[in-house]
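For reference, query-v3.cif (mmCIF, C-alpha atoms):
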data_work
#
loop_
_atom_site.group_PDB
_atom_site.id
_atom_site.type_symbol
_atom_site.label_atom_id
_atom_site.label_comp_id
_atom_site.auth_asym_id
_atom_site.auth_seq_id
_atom_site.Cartn_x
_atom_site.Cartn_y
_atom_site.Cartn_z
ATOM 1 C CA MET D 246 -28.332 0.968 43.348
ATOM 2 C CA SER D 247 -31.675 1.986 44.785
ATOM 3 C CA GLY D 248 -34.795 0.067 43.845
ATOM 4 C CA TRP D 249 -36.494 2.912 41.986
ATOM 5 C CA VAL D 250 -33.400 3.532 39.834
ATOM 6 C CA LEU D 251 -33.261 -0.144 38.878
ATOM 7 C CA VAL D 252 -36.991 -0.222 38.103
ATOM 8 C CA SER D 253 -36.663 2.953 36.002
ATOM 9 C CA LEU D 254 -33.743 1.434 34.115
ATOM 10 C CA ILE D 255 -35.658 -1.777 33.433
ATOM 11 C CA VAL D 256 -38.765 0.117 32.280
ATOM 12 C CA GLY D 257 -36.621 2.270 29.981
ATOM 13 C CA VAL D 258 -34.977 -0.770 28.422
ATOM 14 C CA VAL D 259 -38.342 -2.524 27.925
ATOM 15 C CA VAL D 260 -39.805 0.577 26.226
ATOM 16 C CA MET D 261 -36.732 0.816 24.004
ATOM 17 C CA LEU D 262 -37.064 -2.860 23.072
ATOM 18 C CA VAL D 263 -40.731 -2.394 22.115
ATOM 19 C CA PHE D 264 -39.884 0.533 19.849
ATOM 20 C CA ARG D 265 -37.014 -1.368 18.269
ATOM 21 C CA MET D 266 -39.236 -4.425 17.656
ATOM 22 C CA LEU D 267 -41.838 -2.217 15.957
ATOM 23 C CA GLY D 268 -39.216 -0.291 13.971
ATOM 24 C CA GLU D 269 -37.872 3.200 14.519
ATOM 25 C CA PRO D 270 -35.698 5.724 12.721
ATOM 26 C CA LEU D 271 -31.962 5.153 13.001
ATOM 27 C CA ASN D 272 -30.548 8.529 13.966
ATOM 28 C CA TRP D 273 -27.263 9.635 15.439
ATOM 29 C CA ARG D 274 -28.559 10.907 18.770
ATOM 30 C CA ASP D 275 -30.440 7.732 19.679
ATOM 31 C CA THR D 276 -27.568 5.531 18.508
ATOM 32 C CA VAL D 277 -24.714 7.334 20.269
ATOM 33 C CA ALA D 278 -26.120 9.192 23.294
ATOM 34 C CA PRO D 279 -27.621 6.329 25.357
ATOM 35 C CA PRO D 280 -24.437 4.215 25.423
ATOM 36 C CA VAL D 281 -22.267 7.252 26.197
ATOM 37 C CA VAL D 282 -24.538 8.414 29.041
ATOM 38 C CA LEU D 283 -24.978 4.931 30.527
ATOM 39 C CA ILE D 284 -21.251 4.179 30.345
ATOM 40 C CA ALA D 285 -20.439 7.539 31.986
ATOM 41 C CA ILE D 286 -22.891 6.846 34.817
ATOM 42 C CA GLY D 287 -21.509 3.318 35.188
ATOM 43 C CA VAL D 288 -17.888 4.442 35.252
ATOM 44 C CA ALA D 289 -18.770 7.107 37.836
ATOM 45 C CA GLY D 290 -20.343 4.352 39.931
ATOM 46 C CA VAL D 291 -17.239 2.189 39.677
ATOM 47 C CA VAL D 292 -14.904 5.087 40.472
ATOM 48 C CA GLY D 293 -17.113 6.141 43.382
ATOM 49 C CA PHE D 294 -17.128 2.647 44.901
ATOM 50 C CA THR D 295 -14.774 2.463 47.858
ATOM 51 C CA GLY D 296 -13.045 -0.845 48.324
ATOM 52 C CA LEU D 297 -12.505 -1.560 44.629
ATOM 53 C CA THR D 298 -9.874 -4.257 44.171
ATOM 54 C CA SER D 299 -7.841 -5.339 41.159
ATOM 55 C CA THR D 300 -9.975 -8.506 41.088
ATOM 56 C CA ASP D 301 -13.077 -6.311 40.796
ATOM 57 C CA VAL D 302 -11.504 -4.435 37.891
ATOM 58 C CA TRP D 303 -10.696 -7.669 36.010
ATOM 59 C CA TRP D 304 -14.249 -8.975 36.473
ATOM 60 C CA ILE D 305 -15.651 -5.630 35.315
ATOM 61 C CA VAL D 306 -13.419 -5.669 32.233
ATOM 62 C CA GLY D 307 -14.478 -9.242 31.499
ATOM 63 C CA SER D 308 -18.154 -8.396 31.806
ATOM 64 C CA CYS D 309 -17.652 -5.396 29.516
ATOM 65 C CA VAL D 310 -16.054 -7.663 26.889
ATOM 66 C CA VAL D 311 -19.058 -10.023 27.156
ATOM 67 C CA GLY D 312 -21.521 -7.109 26.871
ATOM 68 C CA LEU D 313 -19.662 -5.576 23.934
ATOM 69 C CA ALA D 314 -19.616 -8.913 22.097
ATOM 70 C CA PHE D 315 -23.340 -9.530 22.591
ATOM 71 C CA GLY D 316 -24.129 -5.950 21.567
ATOM 72 C CA ALA D 317 -22.049 -6.270 18.403
ATOM 73 C CA ALA D 318 -23.697 -9.591 17.555
ATOM 74 C CA ARG D 319 -27.106 -8.013 18.111
ATOM 75 C CA GLY D 320 -26.154 -5.057 15.908
ATOM 76 C CA ALA D 321 -25.365 -7.467 13.079
ATOM 77 C CA THR D 322 -28.888 -8.958 13.250
ATOM 78 C CA ILE D 323 -30.851 -5.695 13.184
ATOM 79 C CA ARG D 324 -32.761 -5.076 9.977
ATOM 80 C CA LEU D 325 -31.906 -1.734 8.355
ATOM 81 C CA TYR D 326 -34.337 -0.407 5.772
ATOM 82 C CA ALA D 327 -35.413 2.779 4.041
ATOM 83 C CA LYS D 328 -38.637 4.481 5.062
ATOM 84 C CA LYS D 329 -39.646 8.005 4.063
ATOM 85 C CA GLY D 330 -36.177 8.531 2.582
ATOM 86 C CA GLU D 331 -34.442 7.820 5.890
ATOM 87 C CA LEU D 332 -32.745 4.861 7.514
ATOM 88 C CA TRP D 333 -34.846 2.839 9.941
ATOM 89 C CA GLN D 334 -34.016 -0.094 12.178
ATOM 90 C CA ARG D 335 -36.033 -3.019 13.441
ATOM 91 C CA TYR D 336 -35.044 -5.750 15.848
ATOM 92 C CA ARG D 337 -35.593 -9.223 14.488
ATOM 93 C CA LYS D 338 -36.459 -12.191 16.653
ATOM 94 C CA SER D 339 -32.759 -13.065 16.621
ATOM 95 C CA SER D 340 -31.923 -9.544 17.873
ATOM 96 C CA LEU D 341 -34.331 -9.928 20.782
ATOM 97 C CA ALA D 342 -33.022 -13.439 21.480
ATOM 98 C CA LEU D 343 -29.452 -12.105 21.586
ATOM 99 C CA PHE D 344 -30.573 -9.322 23.935
ATOM 100 C CA VAL D 345 -32.186 -11.818 26.323
ATOM 101 C CA LEU D 346 -29.252 -14.241 26.046
ATOM 102 C CA GLY D 347 -26.808 -11.377 26.653
ATOM 103 C CA VAL D 348 -28.679 -10.358 29.813
ATOM 104 C CA ALA D 349 -28.721 -13.985 31.019
ATOM 105 C CA VAL D 350 -24.998 -14.459 30.354
ATOM 106 C CA SER D 351 -24.210 -11.123 31.994
ATOM 107 C CA LEU D 352 -26.222 -12.045 35.094
ATOM 108 C CA GLY D 353 -24.566 -15.470 35.198
ATOM 109 C CA PHE D 354 -21.149 -13.854 34.836
ATOM 110 C CA THR D 355 -21.974 -11.520 37.731
ATOM 111 C CA VAL D 356 -23.173 -14.385 39.955
ATOM 112 C CA LEU D 357 -19.965 -16.278 39.192
ATOM 113 C CA ALA D 358 -17.881 -13.175 39.821
ATOM 114 C CA VAL D 359 -19.543 -12.557 43.193
ATOM 115 C CA LYS D 360 -18.842 -16.188 44.174
ATOM 116 C CA PHE D 361 -15.166 -15.528 43.389
ATOM 117 C CA GLY D 362 -15.013 -12.340 45.445
ATOM 118 C CA LEU D 363 -16.250 -9.489 43.251
ATOM 119 C CA HIS D 364 -18.031 -6.794 45.184
ATOM 120 C CA GLU D 365 -21.464 -6.846 43.557
ATOM 121 C CA GLN D 366 -21.818 -3.070 43.967
ATOM 122 C CA ALA D 367 -18.620 -2.579 41.948
ATOM 123 C CA ARG D 368 -20.378 -3.483 38.693
ATOM 124 C CA PRO D 369 -23.217 -1.040 37.963
ATOM 125 C CA TYR D 370 -26.037 -2.179 35.693
ATOM 126 C CA GLN D 371 -25.778 1.078 33.741
ATOM 127 C CA LEU D 372 -22.243 0.175 32.690
ATOM 128 C CA ALA D 373 -23.280 -3.277 31.478
ATOM 129 C CA ILE D 374 -26.237 -1.948 29.494
ATOM 130 C CA GLY D 375 -24.249 0.987 28.101
ATOM 131 C CA VAL D 376 -21.410 -1.243 26.902
ATOM 132 C CA SER D 377 -23.907 -3.585 25.259
ATOM 133 C CA PHE D 378 -25.550 -0.697 23.400
ATOM 134 C CA ALA D 379 -22.091 0.611 22.455
ATOM 135 C CA GLY D 380 -21.315 -2.757 20.863
ATOM 136 C CA GLU D 381 -24.562 -2.530 18.934
ATOM 137 C CA ALA D 382 -23.742 1.018 17.790
ATOM 138 C CA LEU D 383 -20.235 0.004 16.715
ATOM 139 C CA VAL D 384 -21.817 -2.390 14.218
ATOM 140 C CA LEU D 385 -24.908 -0.356 13.280
ATOM 141 C CA ILE D 386 -23.110 2.877 12.441
ATOM 142 C CA PRO D 387 -20.789 1.384 9.772
ATOM 143 C CA ARG D 388 -23.701 -0.638 8.369
ATOM 144 C CA GLY D 389 -25.789 2.524 8.147
ATOM 145 C CA LEU D 390 -22.978 4.524 6.566
ATOM 146 C CA ARG D 391 -22.511 1.835 3.898
ATOM 147 C CA SER D 392 -26.174 2.022 2.910
ATOM 148 C CA ASP D 393 -27.372 4.447 0.254
ATOM 149 C CA VAL D 394 -29.965 5.826 2.680
ATOM 150 C CA PRO D 395 -29.118 8.729 5.016
ATOM 151 C CA PHE D 396 -29.482 8.396 8.762
ATOM 152 C CA ALA D 397 -32.811 9.704 10.041
ATOM 153 C CA LYS D 398 -32.924 13.272 11.287
ATOM 154 C CA ASP D 399 -32.814 13.597 15.042
ATOM 155 C CA LYS D 400 -36.290 13.960 16.482
ATOM 156 C CA GLU D 401 -37.304 17.372 17.726
ATOM 157 C CA ARG D 402 -38.114 16.911 21.381
ATOM 158 C CA PRO D 403 -40.229 19.254 23.512
ATOM 159 C CA TRP D 404 -37.290 20.272 25.691
ATOM 160 C CA ASP D 405 -34.871 20.869 22.805
ATOM 161 C CA LYS D 406 -36.066 24.431 22.129
ATOM 162 C CA TRP D 407 -35.961 25.218 25.829
ATOM 163 C CA LEU D 408 -32.375 23.912 26.099
ATOM 164 C CA GLN D 409 -31.295 25.797 22.976
ATOM 165 C CA SER D 410 -32.690 29.051 24.387
ATOM 166 C CA ARG D 411 -30.657 28.510 27.594
ATOM 167 C CA VAL D 412 -27.400 27.731 25.792
ATOM 168 C CA ARG D 413 -27.358 30.863 23.654
#
Would you write out, as structure tokens, the structure that this file holds?
Amino acid sequence: MSGWVLVSLIVGVVVMLVFRMLGEPLNWRDTVAPPVVLIAIGVAGVVGFTGLTSTDVWWIVGSCVVGLAFGAARGATIRLYAKKGELWQRYRKSSLALFVLGVAVSLGFTVLAVKFGLHEQARPYQLAIGVSFAGEALVLIPRGLRSDVPFAKDKERPWDKWLQSRVR
């Protein structure tokens, strides 16, 4: 992965963490789209890696299980609350701690895997982050559906109207 892609990914995650610590609407697009996109990019990276071995695949699966578990645990700690008639979410200190711990465990798992022969390039960061957010979503969505408050409406973004005009 090139340096600027990694820096962009890190900046994006930090911005997302700040918004989640401050509190933000819980809507479908922001809950489902990022994990799906990141996992798709990660899987494409794995599939596009030449020299992938069965050992690589087992380490990747193991790291995905770790990421999914930490994401699900984090999803259980997120505070859900009503604001302006919609569902909002806010990371607690425990949510942030689980995020940091999950990153540390994931990095440690990768270092261990590389020592045992995993090709480091075979495990894209996008896949790890996407699986972690998928674990979070798998817990948040049922929690949100059980609440009496509807999910927030998806935000209207500047490019949405432009995209809609191109699709029709």
Matched chain/residue IDs from the PyMOL selection byres ((chain D and resi 384-390) around 12), as a PyMOL selection string:
chain D and resi 270-277+313-327+331-336+377-383+391-397
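With CA of Gly290 (chain D) on one side and CA of Pro369 (chain D) on the other, the separation reads 6.4 Å.
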Any idea what the distance is between CA of Trp304 (chain D) and CA of Pro280 (chain D)?
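A separation of 20.0 Å between them.
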Name every residue that the PyMOL selection byres ((chain D and resi 284) around 9) selects in this structure, writing the answer as an NGL selection string with chains first and numbers rising.
:D and (279-283 or 285-289 or 371-376 or 379)
Could you tell me which residues the PyMOL selection byres ((chain D and resi 307) around 12) returns for this structure, as a list in words?
Thr300, Asp301, Val302, Trp303, Trp304, Ile305, Val306, Ser308, Cys309, Val310, Val311, Gly312, Leu313, Ala314, Val350, Ser351, Phe354, Thr355, Leu357, Ala358, Leu363, Arg368, Ala373 and Val376 of chain D
For CA of Leu352 (chain D) and CA of Tyr370 (chain D), the interatomic separation in Å (one decimal):
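Calculated distance between CA of Leu352 (chain D) and CA of Tyr370 (chain D) is 9.9 Å.
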